[in-house]
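A quick write-up on the structure given underneath.
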Amino acid sequence: MRKSFAITSALVVIAMLAAACAQAGPAATVEVTREVTREVPGESVVATVIVEVTPIGVPVAPGGNRLQTVLERGNLVCGVNQNLPGFGAPEGDSYAGFDADFCKALAAALFDDPTAVEWRPLSAQDRFTALQSGEVDVLFRNTTWTLSRDTSVGMDFGPTTFYDGQGFMVPAALGATTLEDLAGGTVCVQTGTTTELNLNDAFALRGLEFTPVVFDEIDPTYAAYFAEQCDAVTSDVSQLVGRRSALPDPEAHIILDTVVSKEPLGPVVAQGDAQWRDVVSWVVYATITAEELGIDSTNVDSFLTSADPTVVRLLGLDPEAKLGQGLGLTDDFAVRVIRHVGNYGEIYDRNLGPDTPLNIPRVLNALWSKGGLIYAPPIR
């Protein structure tokens, strides 16, 4: 007696996988159909197995091809904050700020043109939807890396570009110096952010009562604070510093020393496209490595004849290495970034450094070799 039926067998799949991969091309996915005869007492059974396999050793992104889409479009669509001095704010037809410069760095790597950016200002509520829908290619928008965002929200985070923490700004006239001094008071906060959650946690942990004054957007949040509708306003310390710097009398407001959270901020892409995440990440790492090596926008050309192996790899000077091509970029992508936008230190100093209204000390955002947390994996 002969019967045919479909079965799933780990042993059959493993045996067929090797044969399929040997016959397939380097990036092919093959469907294999085989008949396997098994002897069952009193009958002969023929099992038809259909297996779809991808050759072993071929890296395949879990979905999407954003890099190709961006290259074919001819520009980068970058989601940014339009209301955060020092990080993202309109400047003519472009944007200026620490985050905005990383958009320009990515465009420089892709197109050798830091102006090849379509700027998309996004609210805290809209940013993830815009990324999930494909409206933007990447977020460089003071976004905190959290577990839920990295999983259920469907985001993938690149390297942390700015290590921050949540703080509180109060009128100097209030006389508050600690969080306990705000007990029973009111605090302005933007909803839909980690800030709102951290605020509740911080007061609950200390057993303090307070009244939140909640707003959907950033501008009304600070407008209410400046109009004395609340005793304090809370956000990332960097944001508080930026907003304070834009006030007519910054000295009339102080930022408390109390920091109630960790806020690692960096680029975000939609889940399911490993190649695009790699491109975004290694552009950031290139700026960090350049600062480590002392390569900046003013001297990068003088390094093009360097014999230092680390410099050679970073700048794509070894035609055999093809490190840029491994990302889907040109081998000199780092040269493009450094020449047009600069290294990490230049980006920081230009927007947040001692010659800016914000003057935020680097501290955690110093290079690892100088006591900070800014660190890049080896480019090799």
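We label chains A, B, ... in the order they appear in the structure tokens, count residues from 1 in each chain, and number ligands from 1 in the order shown.
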
I want to know what sits within 7 Å of A:Pro212, based on only C-alpha atoms, with residues of the same chain fewer than 3 positions away left out; could you give that as a VMD selection string? chain A and resid 186 to 189

Take the residues that were just selected and, keeping C-alpha atoms, output them as a PDB file, in the first residue's frame.
ATOM      1  CA  THR A 186       2.645  71.597  40.700  1.00  0.00           C
ATOM      2  CA  VAL A 187       4.944  70.363  37.941  1.00  0.00           C
ATOM      3  CA  CYS A 188       4.531  71.026  34.199  1.00  0.00           C
ATOM      4  CA  VAL A 189       5.284  67.964  32.062  1.00  0.00           C
TER       5      VAL A 189
END

Report the residues of stretch 134-357 of chain A whose backbone DSSP state falls under strand (DSSP E), written as number ranges by chain. A: 138-139, 155-157, 162-164, 166-171, 186-190, 211-215, 232-236, 253-255, 263-265, 268-270

Any chance you can output those residues with C-alpha atoms as an mmCIF file, in the first residue's frame?
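Result file is out-v2.cif:
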data_model
loop_
_atom_site.group_PDB
_atom_site.id
_atom_site.type_symbol
_atom_site.label_atom_id
_atom_site.label_comp_id
_atom_site.auth_asym_id
_atom_site.auth_seq_id
_atom_site.Cartn_x
_atom_site.Cartn_y
_atom_site.Cartn_z
ATOM 1 C CA VAL A 138 15.364 57.800 10.801
ATOM 2 C CA LEU A 139 14.775 59.769 13.981
ATOM 3 C CA MET A 155 11.916 50.475 17.243
ATOM 4 C CA ASP A 156 15.622 49.730 16.842
ATOM 5 C CA PHE A 157 18.099 52.098 18.464
ATOM 6 C CA PHE A 162 24.034 61.906 24.199
ATOM 7 C CA TYR A 163 23.828 60.593 27.749
ATOM 8 C CA ASP A 164 21.282 62.625 29.667
ATOM 9 C CA GLN A 166 15.771 64.018 33.814
ATOM 10 C CA GLY A 167 15.879 67.146 35.933
ATOM 11 C CA PHE A 168 13.732 70.019 37.168
ATOM 12 C CA MET A 169 13.787 73.758 36.515
ATOM 13 C CA VAL A 170 12.279 76.197 38.997
ATOM 14 C CA PRO A 171 12.121 79.963 39.382
ATOM 15 C CA THR A 186 2.645 71.597 40.700
ATOM 16 C CA VAL A 187 4.944 70.363 37.941
ATOM 17 C CA CYS A 188 4.531 71.026 34.199
ATOM 18 C CA VAL A 189 5.284 67.964 32.062
ATOM 19 C CA GLN A 190 4.780 66.794 28.488
ATOM 20 C CA THR A 211 -0.006 67.822 41.031
ATOM 21 C CA PRO A 212 1.072 67.255 37.414
ATOM 22 C CA VAL A 213 0.083 69.871 34.841
ATOM 23 C CA VAL A 214 0.120 67.906 31.601
ATOM 24 C CA PHE A 215 0.441 69.135 28.001
ATOM 25 C CA ALA A 232 8.467 73.608 38.227
ATOM 26 C CA VAL A 233 8.942 72.083 34.798
ATOM 27 C CA THR A 234 10.620 68.728 34.240
ATOM 28 C CA SER A 235 12.411 67.205 31.249
ATOM 29 C CA ASP A 236 15.856 66.034 30.179
ATOM 30 C CA HIS A 253 15.599 80.206 36.714
ATOM 31 C CA ILE A 254 17.703 77.421 38.182
ATOM 32 C CA ILE A 255 18.041 73.736 37.352
ATOM 33 C CA GLU A 263 18.112 59.093 29.439
ATOM 34 C CA PRO A 264 20.325 57.584 26.719
ATOM 35 C CA LEU A 265 19.433 59.538 23.583
ATOM 36 C CA VAL A 268 16.060 55.357 16.015
ATOM 37 C CA VAL A 269 14.977 53.282 13.002
ATOM 38 C CA ALA A 270 12.062 50.947 12.454
#

Interatomic distance between atom CA of A:Asp181 and atom CA of A:Leu358? 26.0 Å

Compare A:Gln325, A:Asn200, A:Ser281, A:Asn365 by their minimum atom-to-atom distance to A:Pro159, counting only C-alpha atoms, and give me the closest one.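 That would be A:Ser281, the residue with the smallest distance to A:Pro159.
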
Which residues are near A:Asn83? Cut-off 9 Å, only C-alpha atoms, ignore same chain within fewer than 4 positions. Put them as a compact mmCIF listing (two decimals) with N, CA and C atoms, in the first residue's frame.
# COMPACT_ATOMS: atom_id res chain seq x y z
N PHE A 87 19.76 71.29 19.90
CA PHE A 87 19.59 69.93 19.40
C PHE A 87 18.84 69.91 18.06
N GLY A 88 17.76 70.65 17.96
CA GLY A 88 17.02 70.70 16.72
C GLY A 88 16.14 71.92 16.65
N ALA A 89 16.40 72.77 15.66
CA ALA A 89 15.61 73.99 15.48
C ALA A 89 15.80 74.47 14.04
N PRO A 90 14.76 75.06 13.43
CA PRO A 90 14.88 75.54 12.06
C PRO A 90 15.96 76.61 11.93
N PRO A 121 9.82 67.80 11.01
CA PRO A 121 9.63 68.05 12.44
C PRO A 121 8.50 67.19 12.99
N ILE A 218 5.45 70.43 23.47
CA ILE A 218 6.53 71.00 24.26
C ILE A 218 6.36 72.49 24.51
N ASP A 219 5.93 73.24 23.48
CA ASP A 219 5.81 74.69 23.64
C ASP A 219 4.80 75.09 24.71
N ARG A 243 16.12 75.38 26.81
CA ARG A 243 14.98 76.27 26.99
C ARG A 243 15.35 77.46 27.89

For the atom pair atom CA of A:Asn351 and atom CA of A:Gly86, what is the interatomic distance in Å to one decimal place? 5.1 Å

For A:Trp282, which of A:Thr129, A:Thr143, A:Thr160, A:Asn81 is the closest residue, counting only C-alpha atoms? A:Thr160
